[in-house]
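Everything on this sheet refers to the single structure shown next.
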Amino acid sequence: MQKSNIVTALAALITFSGTANAEDNNSAERANPKLVVAISVDQFSADLFAEYRSSFTGGLKRLANGVVFPSGYQSHAATETCPGHSTIMTGVHSGRAGIIANNWIDQSIEREDKTVYCAEDERIAGTSFGDITAATQGDFVASAWHLLVPTLGERLKKISPQSRNVAVAGKDRAALMMGGHDIDEIYWWKGNGFSTLQGRKIMPAVARLNETIGAKIDKARPAFDIPARCSAHSAKIMHGEGKSVGDYAFQRPDGAASIYRGSPDFDRSIIAAATTVINEMKLGQGEATDVISVGLSATDYIGHAFGTEGLEMCIQMGELDRSLGEFFDILDGQNIDYVVMLTADHGGLDLPERMSQQGVPTAQRIDPDLNAKVIGKKVAAGLNIPGDKPVLYADGPFGDYYVSLDLSEEQREQVKDSAIALIAAHAQVEMVLDRDDIASIEVPRGSPDEWTLAERARASFNPDRSGDFIVLLKKGITPIATTQRGYVSTHGSPWDYDRRVPILFWRSGIQHFEQPLSVMTVDIAPTLGALIGVEITADQTDGQCLDIDGGPANSCE
């Protein structure tokens, strides 16, 4: 495989120095690992893991030879990036964590735009919400303010002040939701380099890494070689006027910055940043256990831009496997006793134009008139509500809808009832749930594959932030009406193609086994906590500790 110039330039920055004492893997009772490496691969569905598992030869093969839960679940309905990441290191459902979606509506905030981004602090005067999918974002201050519960790294620091809690990710919301509030170092990609929290300084080694990336990112790069296994995926699929996917190898002769995030090189740079931080802080080499959360984002950007079943994703799966293998080899070389957990924040659905050719003739794009603005105008006209102000708010065609607080209570009830009736009658809508009905449901505890749609919605529900009603679309409906902005497919549904994710654990000497029954991402924090001496009591988690010993001993005890 031909590597890019960026990868070559980064290699010199991720060489470790010093050594650490690993625990004897053959001892009857092993000591706590010195480093927890929690990895989230954005949009890495259980379906992708199963499809490409036999081809893995690097880091993903190593993990597949550890402890494998192929039917992990982001059990909630709001299968988006922020909610998914909020479950991984907290052990609670996204609703309990306060993270009901990537964006929601808060009509009480002072600024004109009432949309709130999950990883911002809108209390800061002068800030504004921006379209997080666009190149130019709003002037918001990144923060874990909305996360209502502690992460595993924060819990560890409370009982072991010498422990370090670190996060590095391609997205701010991934780093913040996995790292939390009390964090020693935190970095995410912004613009053409890695950024950190307002008021903090970027460590010199990360600044040098930024300079290296910046010097290469706009340069032309050769296309990635196409592995033989990917040839079957190389087929052009038209999805818009003059636009196609399925025949691209991440080559942009006139410069790479515009597609950098949506290429395998992005994950390589995130791993380089994580490795740099591990090296500089000597994580895993002290007396106390350290935690680093790593959010790899390229799979998600590639999934959105090219879909999940084309040549682009096939290349990405191989490069992700390679990059993770190189990362683990570096850790091995330092003799660090580390444990790895890998999962995903959500799955994903392929673009409907390809799905319709591959056995799903009912796959289609959302009706462009199925949105709060259009529905709200119809409702207002039908109820003779005067004025130009919206009566309905929502961040998209599905998920939480909010009735305007400027209306009287009687009008609000009328608007809600009328809007629910109109939306529920739409052919692309599976169900509309009233917030009162959702709130009356107990938070489910059983197998997530058996939960009703209402129970899935309950896991995402927060009484202080959720809408007046929630819209769930039918299977195979892509909530992107047009591909003009460059996104061809997405996620966010309550269906299992968006909910199912792999959950993998690996530690040197671990006994391999595979457990096919369903588990949840909220089980991860109590499972890792048991390995490092952090007790998360039953009332503090929606999950349970998973015994990953693989033998007669119990890692949860």
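Naming scheme: A, B, ... for chains in displayed order of the structure tokens; residues 1 onward per chain; ligands 1 onward as shown.
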Selection near segment 71-87 of chain A, 7 Å with only C-alpha atoms, sequence-local residues under 6 positions removed, as a count of residues only: 37
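Using only C-alpha atoms, the protein and nucleic acid residues lying no more than 8 Å from segment 185-197 of chain A, apart from those fewer than 5 places from it along its own chain, are A:Ala142, A:Ser143, A:Asn165, A:Val166, A:Ala167, A:Val168, A:Ala169, A:Gly170, A:Lys171, A:Asp172, A:Ala175, A:Leu176, A:Gly179, A:Ile202, A:Val206, A:Ala207, A:Asn210, A:Glu211, A:Ile213, A:Gly214, A:Ile217, A:Ala257.
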Export C-alpha atoms of the chosen residues as a PDB file, in the first residue's frame?
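Here's the written file selection.pdb:
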```
ATOM      1  CA  ALA A 142     -16.207  24.013  22.892  1.00  0.00           C
ATOM      2  CA  SER A 143     -17.141  22.618  26.294  1.00  0.00           C
ATOM      3  CA  ASN A 165      -7.248  11.582  31.964  1.00  0.00           C
ATOM      4  CA  VAL A 166      -6.584  12.463  28.316  1.00  0.00           C
ATOM      5  CA  ALA A 167      -8.628  12.619  25.109  1.00  0.00           C
ATOM      6  CA  VAL A 168      -7.646  13.032  21.450  1.00  0.00           C
ATOM      7  CA  ALA A 169     -10.167  12.923  18.624  1.00  0.00           C
ATOM      8  CA  GLY A 170     -11.064  14.114  15.183  1.00  0.00           C
ATOM      9  CA  LYS A 171     -14.169  15.861  16.563  1.00  0.00           C
ATOM     10  CA  ASP A 172     -14.555  18.090  19.589  1.00  0.00           C
ATOM     11  CA  ALA A 175     -13.093  14.160  22.776  1.00  0.00           C
ATOM     12  CA  LEU A 176     -15.308  16.050  25.223  1.00  0.00           C
ATOM     13  CA  GLY A 179     -12.966  12.780  28.330  1.00  0.00           C
ATOM     14  CA  ILE A 202      -1.203  23.381  23.043  1.00  0.00           C
ATOM     15  CA  VAL A 206       1.408  18.790  19.286  1.00  0.00           C
ATOM     16  CA  ALA A 207       2.175  22.248  17.895  1.00  0.00           C
ATOM     17  CA  ASN A 210       0.322  20.701  13.505  1.00  0.00           C
ATOM     18  CA  GLU A 211       3.114  22.407  11.597  1.00  0.00           C
ATOM     19  CA  ILE A 213       0.460  18.453   8.871  1.00  0.00           C
ATOM     20  CA  GLY A 214      -0.054  22.035   7.761  1.00  0.00           C
ATOM     21  CA  ILE A 217      -2.188  19.019   3.792  1.00  0.00           C
ATOM     22  CA  ALA A 257      -7.175  19.990   2.357  1.00  0.00           C
TER      23      ALA A 257
END
```
Find the spatial neighbours of Gly376 of chain A, counting only C-alpha atoms, within a cut-off of 12 Å - ignore same-chain residues fewer than 5 positions away - and output them as a list of chain:residue names. A:Asp369, A:Leu370, A:Asn371, A:Ala381, A:Gly382, A:Leu383, A:Asn384, A:Ile385, A:Asp388, A:Lys389, A:Pro390, A:Val391, A:Leu392, A:Tyr393, A:Ala394, A:Tyr401, A:Tyr402, A:Val403, A:Ser404, A:Arg412, A:Gln414, A:Val415, A:Lys416, A:Asp417, A:Ser418, A:Ala419, A:Ile420, A:Leu422, A:Ile423
List every residue of segment 300-363 of chain A that DSSP, applied to the backbone of this structure, assigns to helix (DSSP H, G or I), and report them as JSON, numbers by chain. {"A": [300, 301, 302, 303, 304, 305, 306, 311, 312, 313, 314, 315, 316, 317, 318, 319, 320, 321, 322, 323, 324, 325, 326, 327, 328, 329, 330, 331, 332, 333, 352, 353, 354, 355]}
Find the nearest atom pair between each residue of segment 270-335 of chain A and segment 226-232 of chain A for residues within 9 Å, count only C-alpha atoms, give distances in Å to one decimal, sort rows by chain and ascending number, and present the table as JSON lines.
```
{"residue": "A:Gly310", "atom": "CA", "partner": "A:Cys230", "partner_atom": "CA", "distance": 8.3}
{"residue": "A:Leu311", "atom": "CA", "partner": "A:Cys230", "partner_atom": "CA", "distance": 6.0}
{"residue": "A:Glu312", "atom": "CA", "partner": "A:Cys230", "partner_atom": "CA", "distance": 8.8}
{"residue": "A:Cys314", "atom": "CA", "partner": "A:Cys230", "partner_atom": "CA", "distance": 5.7}
{"residue": "A:Ile315", "atom": "CA", "partner": "A:Ile226", "partner_atom": "CA", "distance": 6.9}
{"residue": "A:Gly318", "atom": "CA", "partner": "A:Pro227", "partner_atom": "CA", "distance": 8.5}
```
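For the atom pair formed by atom CA of Gly348 of chain A and atom CA of Asp113 of chain A, the distance is 28.9 Å, given to one decimal.
Contact shell of Leu35 of chain A at 7 Å (only C-alpha atoms; same-chain neighbours under 4 positions omitted): A:Leu283, A:Gly284, A:Thr289, A:Asp290, A:Val291, A:Asp337, A:Tyr338, A:Val339.
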Select from segment 239-424 of chain A everything DSSP, run on the backbone, classes as strand (DSSP E), then give the selection as a list in words. His239, Gly240, Lys243, Ser244, Val245, Asp290, Val291, Ile292, Ser293, Val294, Gly295, Leu296, Tyr338, Val339, Val340, Met341, Leu342, Thr343, Gln364, Arg365, Leu392, Tyr393, Ala394, Gly399, Asp400, Tyr401, Tyr402 and Val403 of chain A
Atoms to include: C-alpha atoms. Write the selected residues as an mmCIF file, in the first residue's frame.
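Wrote out-v4.cif, looks like this:
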```
data_model
loop_
_atom_site.group_PDB
_atom_site.id
_atom_site.type_symbol
_atom_site.label_atom_id
_atom_site.label_comp_id
_atom_site.auth_asym_id
_atom_site.auth_seq_id
_atom_site.Cartn_x
_atom_site.Cartn_y
_atom_site.Cartn_z
ATOM 1 C CA HIS A 239 -26.478 10.325 -6.596
ATOM 2 C CA GLY A 240 -27.036 13.798 -7.975
ATOM 3 C CA LYS A 243 -22.093 13.516 -8.949
ATOM 4 C CA SER A 244 -21.068 9.975 -8.137
ATOM 5 C CA VAL A 245 -19.464 7.768 -5.495
ATOM 6 C CA ASP A 290 -3.854 6.520 33.082
ATOM 7 C CA VAL A 291 -6.749 6.771 30.636
ATOM 8 C CA ILE A 292 -6.637 8.011 27.060
ATOM 9 C CA SER A 293 -9.766 8.207 24.913
ATOM 10 C CA VAL A 294 -9.179 8.251 21.171
ATOM 11 C CA GLY A 295 -11.885 9.242 18.693
ATOM 12 C CA LEU A 296 -11.156 8.204 15.098
ATOM 13 C CA TYR A 338 -2.250 -1.566 28.515
ATOM 14 C CA VAL A 339 -5.818 -2.616 27.848
ATOM 15 C CA VAL A 340 -7.663 -1.583 24.698
ATOM 16 C CA MET A 341 -11.380 -1.187 24.234
ATOM 17 C CA LEU A 342 -12.746 -0.385 20.791
ATOM 18 C CA THR A 343 -16.319 0.403 19.850
ATOM 19 C CA GLN A 364 -35.317 6.522 -0.637
ATOM 20 C CA ARG A 365 -34.398 10.052 0.360
ATOM 21 C CA LEU A 392 -42.486 24.578 15.355
ATOM 22 C CA TYR A 393 -38.742 24.115 15.769
ATOM 23 C CA ALA A 394 -36.481 21.148 14.987
ATOM 24 C CA GLY A 399 -35.872 13.483 16.181
ATOM 25 C CA ASP A 400 -37.030 16.188 18.571
ATOM 26 C CA TYR A 401 -39.677 18.741 17.577
ATOM 27 C CA TYR A 402 -40.474 21.715 19.802
ATOM 28 C CA VAL A 403 -43.625 23.820 19.921
#
```
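When atom CA of Pro33 of chain A is paired with atom CA of Asn65 of chain A, their separation reads 18.8 Å.
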